[in-house]
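Participant: Got my_file_13.cif for you, mmCIF, C-alpha atoms:
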data_query
#
loop_
_atom_site.group_PDB
_atom_site.id
_atom_site.type_symbol
_atom_site.label_atom_id
_atom_site.label_comp_id
_atom_site.auth_asym_id
_atom_site.auth_seq_id
_atom_site.Cartn_x
_atom_site.Cartn_y
_atom_site.Cartn_z
ATOM 1 C CA MET A 128 0.000 0.000 0.000
ATOM 2 C CA ILE A 129 1.158 3.544 -0.788
ATOM 3 C CA CYS A 130 0.709 6.026 2.059
ATOM 4 C CA PRO A 131 0.589 9.561 0.644
ATOM 5 C CA SER A 132 1.786 12.610 2.526
ATOM 6 C CA PRO A 133 -0.790 14.926 4.154
ATOM 7 C CA HIS A 134 -2.810 16.759 1.525
ATOM 8 C CA GLN A 135 -1.253 20.024 0.444
ATOM 9 C CA PRO A 136 -2.460 21.317 -2.944
ATOM 10 C CA TRP A 137 0.282 21.011 -5.575
ATOM 11 C CA GLY A 138 2.560 19.221 -3.100
ATOM 12 C CA LEU A 139 4.234 15.867 -3.730
ATOM 13 C CA ALA A 140 1.991 13.102 -2.400
ATOM 14 C CA PHE A 141 4.451 10.237 -2.936
ATOM 15 C CA LEU A 142 7.403 9.130 -5.059
ATOM 16 C CA VAL A 143 7.912 5.372 -5.350
ATOM 17 C CA SER A 144 9.724 2.847 -7.520
ATOM 18 C CA VAL A 145 7.594 0.053 -8.963
ATOM 19 C CA PRO A 146 8.669 -2.838 -11.198
ATOM 20 C CA HIS A 147 7.590 -0.905 -14.296
ATOM 21 C CA GLY A 148 9.196 2.465 -13.517
ATOM 22 C CA VAL A 149 8.967 5.358 -11.069
ATOM 23 C CA VAL A 150 5.577 6.695 -10.009
ATOM 24 C CA ALA A 151 5.013 10.194 -8.626
ATOM 25 C CA GLY A 152 1.782 11.534 -7.154
ATOM 26 C CA VAL A 153 0.864 15.202 -6.752
ATOM 27 C CA HIS A 154 -1.969 16.490 -4.572
ATOM 28 C CA LEU A 155 -4.500 18.627 -6.445
ATOM 29 C CA PRO A 156 -6.959 21.189 -5.132
ATOM 30 C CA ASP A 157 -10.377 19.577 -5.579
ATOM 31 C CA ASP A 158 -11.635 22.775 -7.143
ATOM 32 C CA PRO A 159 -12.149 23.758 -10.806
ATOM 33 C CA ALA A 160 -10.935 27.318 -10.144
ATOM 34 C CA PRO A 161 -8.130 28.543 -12.452
ATOM 35 C CA VAL A 162 -4.653 27.394 -11.465
ATOM 36 C CA ASP A 163 -2.691 30.177 -9.796
ATOM 37 C CA ASP A 164 0.192 31.840 -11.650
ATOM 38 C CA ALA A 165 2.834 30.610 -9.198
ATOM 39 C CA THR A 166 1.875 26.981 -9.858
ATOM 40 C CA LEU A 167 1.689 27.503 -13.622
ATOM 41 C CA ALA A 168 5.180 29.016 -13.441
ATOM 42 C CA ARG A 169 6.487 25.604 -12.280
ATOM 43 C CA LEU A 170 5.680 24.181 -15.741
ATOM 44 C CA LEU A 171 7.924 24.445 -18.771
ATOM 45 C CA ASP A 172 6.854 27.118 -21.269
ATOM 46 C CA PRO A 173 5.064 24.801 -23.766
ATOM 47 C CA GLU A 174 3.232 23.045 -20.913
ATOM 48 C CA ARG A 175 2.232 26.356 -19.366
ATOM 49 C CA ALA A 176 0.849 27.563 -22.706
ATOM 50 C CA ALA A 177 -1.145 24.338 -23.071
ATOM 51 C CA ALA A 178 -2.476 24.624 -19.515
ATOM 52 C CA GLN A 179 -3.566 28.219 -20.058
ATOM 53 C CA GLY A 180 -5.749 27.023 -22.927
ATOM 54 C CA LEU A 181 -7.685 24.676 -20.632
ATOM 55 C CA ARG A 182 -10.468 25.376 -18.164
ATOM 56 C CA GLY A 183 -11.823 23.903 -14.941
ATOM 57 C CA TYR A 184 -10.734 20.479 -13.770
ATOM 58 C CA ARG A 185 -9.001 19.832 -17.113
ATOM 59 C CA GLN A 186 -6.538 22.624 -16.369
ATOM 60 C CA VAL A 187 -6.033 21.445 -12.784
ATOM 61 C CA GLN A 188 -5.451 17.837 -13.804
ATOM 62 C CA PHE A 189 -3.163 18.686 -16.727
ATOM 63 C CA THR A 190 -1.026 20.886 -14.468
ATOM 64 C CA GLY A 191 -0.835 18.279 -11.720
ATOM 65 C CA GLY A 192 -0.025 15.530 -14.196
ATOM 66 C CA ARG A 193 2.913 17.475 -15.614
ATOM 67 C CA LEU A 194 4.223 18.291 -12.146
ATOM 68 C CA ALA A 195 4.070 14.569 -11.371
ATOM 69 C CA VAL A 196 5.937 13.812 -14.618
ATOM 70 C CA SER A 197 8.632 16.317 -13.658
ATOM 71 C CA ALA A 198 9.127 14.713 -10.231
ATOM 72 C CA ALA A 199 9.311 11.206 -11.727
ATOM 73 C CA LEU A 200 11.811 12.271 -14.413
ATOM 74 C CA ALA A 201 14.054 13.825 -11.783
ATOM 75 C CA GLU A 202 13.934 10.614 -9.756
ATOM 76 C CA ILE A 203 15.289 8.529 -12.673
ATOM 77 C CA GLY A 204 17.913 11.165 -13.461
ATOM 78 C CA ALA A 205 16.386 12.125 -16.793
ATOM 79 C CA ARG A 206 16.387 15.580 -18.317
ATOM 80 C CA ARG A 207 13.179 17.478 -17.751
ATOM 81 C CA GLN A 208 11.092 17.727 -20.907
ATOM 82 C CA ALA A 209 7.889 19.421 -21.951
ATOM 83 C CA VAL A 210 5.245 16.702 -22.172
ATOM 84 C CA LEU A 211 2.269 17.775 -24.267
ATOM 85 C CA SER A 212 -0.708 15.736 -25.475
ATOM 86 C CA ASN A 213 -0.613 13.930 -28.817
ATOM 87 C CA ALA A 214 -3.482 13.653 -31.300
ATOM 88 C CA HIS A 215 -5.058 10.919 -29.190
ATOM 89 C CA GLY A 216 -4.875 12.922 -25.956
ATOM 90 C CA ALA A 217 -2.036 10.859 -24.470
ATOM 91 C CA PRO A 218 1.145 12.441 -23.041
ATOM 92 C CA ALA A 219 3.904 12.522 -25.667
ATOM 93 C CA PHE A 220 7.376 11.716 -24.323
ATOM 94 C CA SER A 221 10.729 11.989 -26.127
ATOM 95 C CA ASP A 222 14.460 11.371 -25.546
ATOM 96 C CA GLY A 223 13.993 7.634 -25.048
ATOM 97 C CA ILE A 224 11.559 8.074 -22.142
ATOM 98 C CA SER A 225 8.249 6.251 -21.854
ATOM 99 C CA GLY A 226 5.486 7.356 -19.548
ATOM 100 C CA SER A 227 1.828 7.555 -18.666
ATOM 101 C CA VAL A 228 -0.434 9.830 -16.594
ATOM 102 C CA SER A 229 -3.721 9.398 -14.706
ATOM 103 C CA HIS A 230 -5.683 11.541 -12.263
ATOM 104 C CA LYS A 231 -8.703 12.041 -10.083
ATOM 105 C CA ASN A 232 -10.040 15.382 -8.874
ATOM 106 C CA ASP A 233 -7.586 15.617 -5.963
ATOM 107 C CA LEU A 234 -4.618 13.502 -7.123
ATOM 108 C CA ALA A 235 -2.516 13.213 -10.281
ATOM 109 C CA VAL A 236 -0.084 10.349 -10.879
ATOM 110 C CA ALA A 237 2.605 9.784 -13.490
ATOM 111 C CA MET A 238 4.907 6.851 -14.258
ATOM 112 C CA VAL A 239 8.097 7.106 -16.315
ATOM 113 C CA ALA A 240 10.898 4.756 -17.346
ATOM 114 C CA ARG A 241 13.820 4.759 -19.764
ATOM 115 C CA GLY A 242 13.482 2.888 -23.050
ATOM 116 C CA GLY A 243 10.839 2.494 -25.719
ATOM 117 C CA LEU A 244 8.472 0.467 -23.555
ATOM 118 C CA GLY A 245 4.719 0.708 -23.599
ATOM 119 C CA LEU A 246 3.707 2.007 -20.174
ATOM 120 C CA GLY A 247 0.248 2.513 -18.746
ATOM 121 C CA ILE A 248 -0.990 3.789 -15.405
ATOM 122 C CA ASP A 249 -4.525 4.157 -14.070
ATOM 123 C CA LEU A 250 -6.057 5.395 -10.829
ATOM 124 C CA GLU A 251 -9.599 4.430 -9.782
ATOM 125 C CA ASP A 252 -11.862 5.000 -6.786
ATOM 126 C CA THR A 253 -13.696 2.102 -5.157
ATOM 127 C CA ASP A 254 -15.684 3.915 -2.474
ATOM 128 C CA HIS A 255 -18.664 4.856 -4.667
ATOM 129 C CA GLU A 256 -20.272 1.909 -6.420
ATOM 130 C CA ARG A 257 -21.466 2.495 -9.985
ATOM 131 C CA PRO A 258 -24.143 -0.023 -10.987
ATOM 132 C CA GLY A 259 -23.663 -1.699 -14.331
ATOM 133 C CA ILE A 260 -19.915 -1.225 -14.699
ATOM 134 C CA ALA A 261 -19.187 -4.956 -14.403
ATOM 135 C CA ALA A 262 -21.543 -5.861 -17.244
ATOM 136 C CA ARG A 263 -19.978 -3.151 -19.406
ATOM 137 C CA VAL A 264 -16.275 -3.897 -18.900
ATOM 138 C CA LEU A 265 -15.973 -7.596 -17.972
ATOM 139 C CA THR A 266 -15.972 -10.570 -20.343
ATOM 140 C CA PRO A 267 -18.325 -13.518 -19.706
ATOM 141 C CA ALA A 268 -15.472 -15.445 -18.064
ATOM 142 C CA GLU A 269 -14.615 -12.491 -15.831
ATOM 143 C CA LEU A 270 -18.278 -12.005 -14.934
ATOM 144 C CA ALA A 271 -18.556 -15.662 -13.992
ATOM 145 C CA ALA A 272 -15.513 -15.389 -11.708
ATOM 146 C CA ASN A 273 -16.821 -12.128 -10.245
ATOM 147 C CA SER A 274 -20.185 -13.724 -9.415
ATOM 148 C CA LEU A 275 -18.463 -16.340 -7.242
ATOM 149 C CA LEU A 276 -17.087 -13.700 -4.880
ATOM 150 C CA ALA A 277 -18.797 -12.525 -1.728
ATOM 151 C CA GLU A 278 -21.212 -9.742 -2.610
ATOM 152 C CA GLY A 279 -19.111 -7.143 -0.825
ATOM 153 C CA ARG A 280 -16.057 -8.038 -2.934
ATOM 154 C CA ARG A 281 -17.661 -7.959 -6.372
ATOM 155 C CA TRP A 282 -17.546 -4.211 -6.845
ATOM 156 C CA ILE A 283 -13.871 -3.947 -5.860
ATOM 157 C CA ASP A 284 -12.993 -6.868 -8.160
ATOM 158 C CA ALA A 285 -14.795 -5.201 -11.072
ATOM 159 C CA VAL A 286 -13.021 -1.865 -10.501
ATOM 160 C CA LEU A 287 -9.644 -3.574 -10.208
ATOM 161 C CA ARG A 288 -10.108 -5.388 -13.524
ATOM 162 C CA PHE A 289 -11.362 -2.158 -15.115
ATOM 163 C CA SER A 290 -8.325 -0.234 -13.857
ATOM 164 C CA VAL A 291 -5.835 -2.779 -15.198
ATOM 165 C CA LYS A 292 -7.634 -2.778 -18.561
ATOM 166 C CA GLU A 293 -7.353 1.001 -18.714
ATOM 167 C CA ALA A 294 -3.616 0.748 -18.029
ATOM 168 C CA VAL A 295 -3.271 -1.968 -20.677
ATOM 169 C CA TYR A 296 -4.998 0.283 -23.195
ATOM 170 C CA LYS A 297 -2.607 3.147 -22.455
ATOM 171 C CA ALA A 298 0.413 0.841 -22.718
ATOM 172 C CA ILE A 299 -0.423 -0.662 -26.117
ATOM 173 C CA HIS A 300 -2.272 2.195 -27.803
ATOM 174 C CA PRO A 301 0.910 3.914 -29.076
ATOM 175 C CA THR A 302 1.663 0.718 -31.028
ATOM 176 C CA VAL A 303 -1.766 -0.335 -32.305
ATOM 177 C CA GLU A 304 -3.093 3.253 -32.622
ATOM 178 C CA ARG A 305 -6.730 2.242 -32.316
ATOM 179 C CA TYR A 306 -9.407 1.970 -29.678
ATOM 180 C CA VAL A 307 -9.009 -1.217 -27.633
ATOM 181 C CA GLY A 308 -12.279 -2.520 -26.228
ATOM 182 C CA PHE A 309 -12.762 -3.905 -22.750
ATOM 183 C CA GLY A 310 -13.600 -7.299 -24.242
ATOM 184 C CA GLU A 311 -10.225 -7.632 -25.988
ATOM 185 C CA VAL A 312 -8.311 -8.594 -22.852
ATOM 186 C CA GLU A 313 -9.099 -10.457 -19.668
ATOM 187 C CA VAL A 314 -7.563 -9.543 -16.315
ATOM 188 C CA TRP A 315 -7.025 -12.044 -13.525
ATOM 189 C CA PRO A 316 -6.049 -10.186 -10.340
ATOM 190 C CA GLY A 317 -3.482 -11.706 -7.988
ATOM 191 C CA ASN A 318 -3.666 -11.446 -4.218
ATOM 192 C CA ASP A 319 0.000 -10.410 -4.239
ATOM 193 C CA GLY A 320 -0.667 -7.448 -6.546
ATOM 194 C CA VAL A 321 0.658 -9.221 -9.654
ATOM 195 C CA ASP A 322 -2.111 -9.506 -12.239
ATOM 196 C CA ARG A 323 -2.355 -11.776 -15.284
ATOM 197 C CA VAL A 324 -3.469 -10.264 -18.578
ATOM 198 C CA GLU A 325 -4.721 -12.466 -21.407
ATOM 199 C CA ALA A 326 -5.209 -11.011 -24.893
ATOM 200 C CA LEU A 327 -8.297 -12.192 -26.762
ATOM 201 C CA SER A 328 -8.183 -10.299 -30.077
ATOM 202 C CA ALA A 329 -5.771 -11.438 -32.798
ATOM 203 C CA ASP A 330 -3.614 -8.320 -33.113
ATOM 204 C CA LEU A 331 -3.025 -8.177 -29.347
ATOM 205 C CA LEU A 332 -1.739 -11.732 -29.029
ATOM 206 C CA GLY A 333 1.806 -10.560 -29.797
ATOM 207 C CA PHE A 334 1.932 -8.390 -26.677
ATOM 208 C CA ARG A 335 3.254 -9.452 -23.313
ATOM 209 C CA CYS A 336 1.608 -7.297 -20.677
ATOM 210 C CA GLU A 337 3.035 -7.271 -17.156
ATOM 211 C CA ALA A 338 0.450 -5.822 -14.781
ATOM 212 C CA ARG A 339 0.517 -4.841 -11.118
ATOM 213 C CA HIS A 340 -1.763 -3.044 -8.715
ATOM 214 C CA VAL A 341 -1.309 -1.353 -5.355
ATOM 215 C CA TRP A 342 -3.727 0.370 -3.007
ATOM 216 C CA ILE A 343 -3.740 4.037 -2.000
ATOM 217 C CA GLY A 344 -6.365 3.983 0.707
ATOM 218 C CA SER A 345 -9.576 2.994 -1.076
ATOM 219 C CA ARG A 346 -8.091 3.727 -4.494
ATOM 220 C CA VAL A 347 -6.424 1.213 -6.750
ATOM 221 C CA LEU A 348 -3.359 2.231 -8.756
ATOM 222 C CA SER A 349 -2.614 -0.076 -11.699
ATOM 223 C CA THR A 350 0.574 -0.109 -13.751
ATOM 224 C CA VAL A 351 1.300 -2.050 -16.941
ATOM 225 C CA ARG A 352 4.386 -2.573 -19.078
ATOM 226 C CA ALA A 353 3.684 -3.943 -22.561
ATOM 227 C CA ARG A 354 6.228 -5.499 -24.932
ATOM 228 C CA ARG A 355 5.916 -7.065 -28.350
#
Could you take the file, read its structure, and then write that structure out as C-alpha cells?
Facilitator:
Amino acid sequence: MICPSPHQPWGLAFLVSVPHGVVAGVHLPDDPAPVDDATLARLLDPERAAAQGLRGYRQVQFTGGRLAVSAALAEIGARRQAVLSNAHGAPAFSDGISGSVSHKNDLAVAMVARGGLGLGIDLEDTDHERPGIAARVLTPAELAANSLLAEGRRWIDAVLRFSVKEAVYKAIHPTVERYVGFGEVEVWPGNDGVDRVEALSADLLGFRCEARHVWIGSRVLSTVRARR
C-alpha cells in the first residue's frame, strides 16, 4: 500500500519505484478554479501555454499531471522535458523516455521509465459503487468469476479489472493506434498485486503485458508494461 503525505495542494503526495518504472503523485486542489500563476510558473513554457488554454478540472489535472511527470523524471535522473498531449490525448514523451499519466479530482499520478516500452498507469476509486460497470467492462469469463465472490467483494474486483484494462490500453495504444475494447483482454487479479493479462483479439496476441496493482487507501493504482 502507498501512504501519501498529508494533503497540500500542488505538493508531492508520494514518489515510489515500482517494477515498471517510477511513479510520482501530486496532490491537487479539488476545485475547478483557475490554477494560480505561481503553480503555472512551475511548468515548462510549452506546458504552461497548453495549460492556459484549458479550463476547470481539465486545467487542474493537466497541471498536476505534468508536475508529477517532472518529479518522476528527476527521480530517474532524466532531463526534464515538456510533455504535451498527442493527437489521441495521451502524453507525448521523447528522448527515449516512456510514460503515462492518470488523475482524479484531488490527485494526479505519473509513471516514467527509460526505453521504448509501452507504459500505462490508471487510478480508480472504489468507495462509490457504480451499478452496471461490471456488465460493461468484464468478459463472460470475468463475470462468472466475479459472481463467485462474496457480494461485498464484487464491486472492488470489477473496478480492479477495469483499472488494469485502462492501463493496458494506455500501454499498447501507441503501437496499435486504435481503440481497444474492454472485451479484448481479460484480467485475472493476484492477491500479491501481480495480475495476469490475457489477450483475446488477434492483433493483441503478440503483446506481453506485465500488470501490477497497489492500493492508496480505497483507491487502486494499476501499472502495466507492454512489450511485443
Participant: Once the PyMOL selection byres ((chain A and resi 329-339) around 8) is applied to the coordinates I shared, what remains selected? I want it as a list in words.
Facilitator: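 Output from the PyMOL selection byres ((chain A and resi 329-339) around 8), applied to this file: Val291, Val295, Glu311, Gly320, Val321, Asp322, Arg323, Val324, Ala326, Leu327, Ser328, His340, Val341, Ser349, Thr350, Val351, Arg352, Ala353, Arg354 and Arg355 of chain A.
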Participant: Since we have the selection now, will you write its residues out, keeping C-alpha atoms, as a PDB file, keeping the file's coordinate frame?
Facilitator:
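Once written, part39.pdb looks like this:
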ATOM      1  CA  VAL A 291      -5.835  -2.779 -15.198  1.00  0.00           C
ATOM      2  CA  VAL A 295      -3.271  -1.968 -20.677  1.00  0.00           C
ATOM      3  CA  GLU A 311     -10.225  -7.632 -25.988  1.00  0.00           C
ATOM      4  CA  GLY A 320      -0.667  -7.448  -6.546  1.00  0.00           C
ATOM      5  CA  VAL A 321       0.658  -9.221  -9.654  1.00  0.00           C
ATOM      6  CA  ASP A 322      -2.111  -9.506 -12.239  1.00  0.00           C
ATOM      7  CA  ARG A 323      -2.355 -11.776 -15.284  1.00  0.00           C
ATOM      8  CA  VAL A 324      -3.469 -10.264 -18.578  1.00  0.00           C
ATOM      9  CA  ALA A 326      -5.209 -11.011 -24.893  1.00  0.00           C
ATOM     10  CA  LEU A 327      -8.297 -12.192 -26.762  1.00  0.00           C
ATOM     11  CA  SER A 328      -8.183 -10.299 -30.077  1.00  0.00           C
ATOM     12  CA  HIS A 340      -1.763  -3.044  -8.715  1.00  0.00           C
ATOM     13  CA  VAL A 341      -1.309  -1.353  -5.355  1.00  0.00           C
ATOM     14  CA  SER A 349      -2.614  -0.076 -11.699  1.00  0.00           C
ATOM     15  CA  THR A 350       0.574  -0.109 -13.751  1.00  0.00           C
ATOM     16  CA  VAL A 351       1.300  -2.050 -16.941  1.00  0.00           C
ATOM     17  CA  ARG A 352       4.386  -2.573 -19.078  1.00  0.00           C
ATOM     18  CA  ALA A 353       3.684  -3.943 -22.561  1.00  0.00           C
ATOM     19  CA  ARG A 354       6.228  -5.499 -24.932  1.00  0.00           C
ATOM     20  CA  ARG A 355       5.916  -7.065 -28.350  1.00  0.00           C
TER      21      ARG A 355
END
Participant: Determine the residue membership of the PyMOL selection byres ((chain A and resi 128) around 6) for the file above and supply it as a list in words.
Facilitator: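 Written out, the selection comes to Ile129, Val341, Trp342 and Ile343 of chain A.
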Participant: Give me, as CSV, each residue of range 271-346 of chain A that comes within 9 Å of range 240-246 of chain A, together with its shortest interatomic pair and the distance in Å at one decimal, counting only C-alpha atoms, with rows ordered by chain and rising residue number.
Facilitator:
residue,atom,partner,partner_atom,distance
A:Ala294,CA,A:Leu246,CA,7.7
A:Val295,CA,A:Leu246,CA,8.0
A:Lys297,CA,A:Leu246,CA,6.8
A:Ala298,CA,A:Leu246,CA,4.3
A:Ile299,CA,A:Gly245,CA,5.9
A:His300,CA,A:Gly245,CA,8.3
A:Pro301,CA,A:Gly245,CA,7.4
A:Thr302,CA,A:Gly245,CA,8.0
Participant: Quick one: apply the PyMOL selection byres ((chain A and resi 141) around 7) to the file and drop the selected residues here as a ChimeraX atom specification.
Facilitator: /A:131-132,139-140,142-143,151-152
Participant: Report, as JSON, the axis-aligned box around all atoms of range 153-165 of chain A present in the file, extended by 8 Å on each side; give centre and edge lengths in Å to one decimal place.
Facilitator:
{"center_x": -4.7, "center_y": 23.5, "center_z": -8.5, "size_x": 31.0, "size_y": 32.6, "size_z": 23.9}
Participant: Given only C-alpha atoms as the basis, pick out the residue of A:Met238, A:Leu287, A:Ile260, A:Leu211 nearest to Glu174 in chain A.
Facilitator: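 With only C-alpha atoms as the atom set, the closest residue is A:Leu211.
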Participant: At a cut-off of 12 Å, using only C-alpha atoms, what residues contact Gly216 in chain A? Leave out same-chain residues fewer than 6 positions from it and give the result as a list in words.
Facilitator: Arg185, Phe189, Val210, Ser227, Val228, Ser229, Lys297, His300, Pro301 and Glu304 of chain A
Participant: My list of candidates is A:Leu276, A:Ala217, A:Leu265, A:Leu234. Which is closest to Gln135 in chain A when distances are computed with only C-alpha atoms?
Facilitator: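 Of A:Leu276, A:Ala217, A:Leu265, A:Leu234, the one nearest Gln135 in chain A is A:Leu234, counting only C-alpha atoms.
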Participant: CA of Arg169 in chain A and CA of Val196 in chain A are how many Å apart?
Facilitator: 12.0 Å
Participant: Compare A:Leu155, A:Ala262, A:Ala205, A:Ala165 by their minimum atom-to-atom distance to Phe309 in chain A, counting all atoms listed in the file, and give me the closest one.
Facilitator: A:Ala262
Participant: Just give me the gap between CA of His154 in chain A and CA of Gly191 in chain A in Å, one decimal is fine.
Facilitator: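 We find that CA of His154 in chain A and CA of Gly191 in chain A lie 7.5 Å from each other.
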Participant: Could you name the residues that touch Ala177 in chain A at 9 Å or less, counting only C-alpha atoms, but leaving out those on the same chain fewer than 2 positions away, as a VMD selection string?
Facilitator: chain A and resid 172 to 175 179 to 181 186 189 211 to 212
Participant: When you draw a straight line from CA of Pro159 in chain A to CA of Gln188 in chain A, how long is it in Å?
Facilitator: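 Rounded to one decimal, the two atoms are 9.4 Å apart.
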Participant: May I have the protein, DNA and RNA residues with any atom at most 9 Å from the point (-10.0, -10.4, -14.0), counting all atoms listed in the file, written as a list in words?
Facilitator: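 Those residues lying close to the given coordinates are Leu265, Thr266, Ala268, Glu269, Leu270, Ala272, Asn273, Asp284, Ala285, Leu287, Arg288, Phe289, Val291, Glu313, Val314, Trp315, Pro316, Gly317, Asp322, Arg323 and Val324 of chain A.
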Participant: Calculated over all atoms listed in the file, which of the candidates A:Val347, A:Ile224, A:Ala271, A:Val236 has the smallest distance to Arg206 in chain A?
Facilitator: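 Of A:Val347, A:Ile224, A:Ala271, A:Val236, the one nearest Arg206 in chain A is A:Ile224, counting all atoms listed in the file.
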Participant: Would you please work out which residue, of A:Ile283, A:Ala168, A:Ala237, A:Val150, is nearest to Glu256 in chain A when using only C-alpha atoms?
Facilitator: A:Ile283
Participant: Mind checking which residues fall within 8 Å of Glu293 in chain A, counting all atoms listed in the file, ignoring those fewer than 6 positions away in the same chain, and posting them as JSON, numbers by chain?
Facilitator: {"A": [247, 248, 249]}
Participant: Using the partial input, fill out range 182-202 of chain A with N, CA and C atoms; write the result as an mmCIF file, in the frame of the given file.
Facilitator:
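Below is the file part.cif, written as the result:
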data_model
loop_
_atom_site.group_PDB
_atom_site.id
_atom_site.type_symbol
_atom_site.label_atom_id
_atom_site.label_comp_id
_atom_site.auth_asym_id
_atom_site.auth_seq_id
_atom_site.Cartn_x
_atom_site.Cartn_y
_atom_site.Cartn_z
ATOM 1 N N ARG A 182 -9.610 24.776 -19.179
ATOM 2 C CA ARG A 182 -10.468 25.376 -18.164
ATOM 3 C C ARG A 182 -10.898 24.319 -17.150
ATOM 4 N N GLY A 183 -11.242 24.766 -15.953
ATOM 5 C CA GLY A 183 -11.823 23.903 -14.941
ATOM 6 C C GLY A 183 -10.898 22.782 -14.510
ATOM 7 N N TYR A 184 -11.514 21.614 -14.244
ATOM 8 C CA TYR A 184 -10.734 20.479 -13.770
ATOM 9 C C TYR A 184 -9.715 20.023 -14.803
ATOM 10 N N ARG A 185 -9.976 20.234 -16.092
ATOM 11 C CA ARG A 185 -9.001 19.832 -17.113
ATOM 12 C C ARG A 185 -7.691 20.573 -16.915
ATOM 13 N N GLN A 186 -7.763 21.855 -16.607
ATOM 14 C CA GLN A 186 -6.538 22.624 -16.369
ATOM 15 C C GLN A 186 -5.834 22.147 -15.109
ATOM 16 N N VAL A 187 -6.611 21.914 -14.050
ATOM 17 C CA VAL A 187 -6.033 21.445 -12.784
ATOM 18 C C VAL A 187 -5.339 20.109 -12.983
ATOM 19 N N GLN A 188 -6.004 19.181 -13.641
ATOM 20 C CA GLN A 188 -5.451 17.837 -13.804
ATOM 21 C C GLN A 188 -4.262 17.822 -14.758
ATOM 22 N N PHE A 189 -4.320 18.608 -15.829
ATOM 23 C CA PHE A 189 -3.163 18.686 -16.727
ATOM 24 C C PHE A 189 -1.950 19.221 -15.979
ATOM 25 N N THR A 190 -2.149 20.285 -15.211
ATOM 26 C CA THR A 190 -1.026 20.886 -14.468
ATOM 27 C C THR A 190 -0.453 19.891 -13.467
ATOM 28 N N GLY A 191 -1.321 19.248 -12.699
ATOM 29 C CA GLY A 191 -0.835 18.279 -11.720
ATOM 30 C C GLY A 191 -0.137 17.105 -12.362
ATOM 31 N N GLY A 192 -0.662 16.642 -13.493
ATOM 32 C CA GLY A 192 -0.025 15.530 -14.196
ATOM 33 C C GLY A 192 1.380 15.866 -14.647
ATOM 34 N N ARG A 193 1.562 17.087 -15.144
ATOM 35 C CA ARG A 193 2.913 17.475 -15.614
ATOM 36 C C ARG A 193 3.860 17.727 -14.459
ATOM 37 N N LEU A 194 3.363 18.181 -13.324
ATOM 38 C CA LEU A 194 4.223 18.291 -12.146
ATOM 39 C C LEU A 194 4.638 16.905 -11.657
ATOM 40 N N ALA A 195 3.724 15.946 -11.746
ATOM 41 C CA ALA A 195 4.070 14.569 -11.371
ATOM 42 C C ALA A 195 5.105 13.995 -12.334
ATOM 43 N N VAL A 196 4.953 14.261 -13.623
ATOM 44 C CA VAL A 196 5.937 13.812 -14.618
ATOM 45 C C VAL A 196 7.309 14.382 -14.288
ATOM 46 N N SER A 197 7.357 15.664 -13.970
ATOM 47 C CA SER A 197 8.632 16.317 -13.658
ATOM 48 C C SER A 197 9.320 15.657 -12.469
ATOM 49 N N ALA A 198 8.549 15.351 -11.417
ATOM 50 C CA ALA A 198 9.127 14.713 -10.231
ATOM 51 C C ALA A 198 9.636 13.312 -10.561
ATOM 52 N N ALA A 199 8.891 12.563 -11.373
ATOM 53 C CA ALA A 199 9.311 11.206 -11.727
ATOM 54 C C ALA A 199 10.556 11.229 -12.613
ATOM 55 N N LEU A 200 10.618 12.161 -13.555
ATOM 56 C CA LEU A 200 11.811 12.271 -14.413
ATOM 57 C C LEU A 200 13.049 12.584 -13.585
ATOM 58 N N ALA A 201 12.908 13.488 -12.632
ATOM 59 C CA ALA A 201 14.054 13.825 -11.783
ATOM 60 C C ALA A 201 14.520 12.611 -10.992
ATOM 61 N N GLU A 202 13.587 11.777 -10.564
ATOM 62 C CA GLU A 202 13.934 10.614 -9.756
ATOM 63 C C GLU A 202 14.753 9.601 -10.549
#
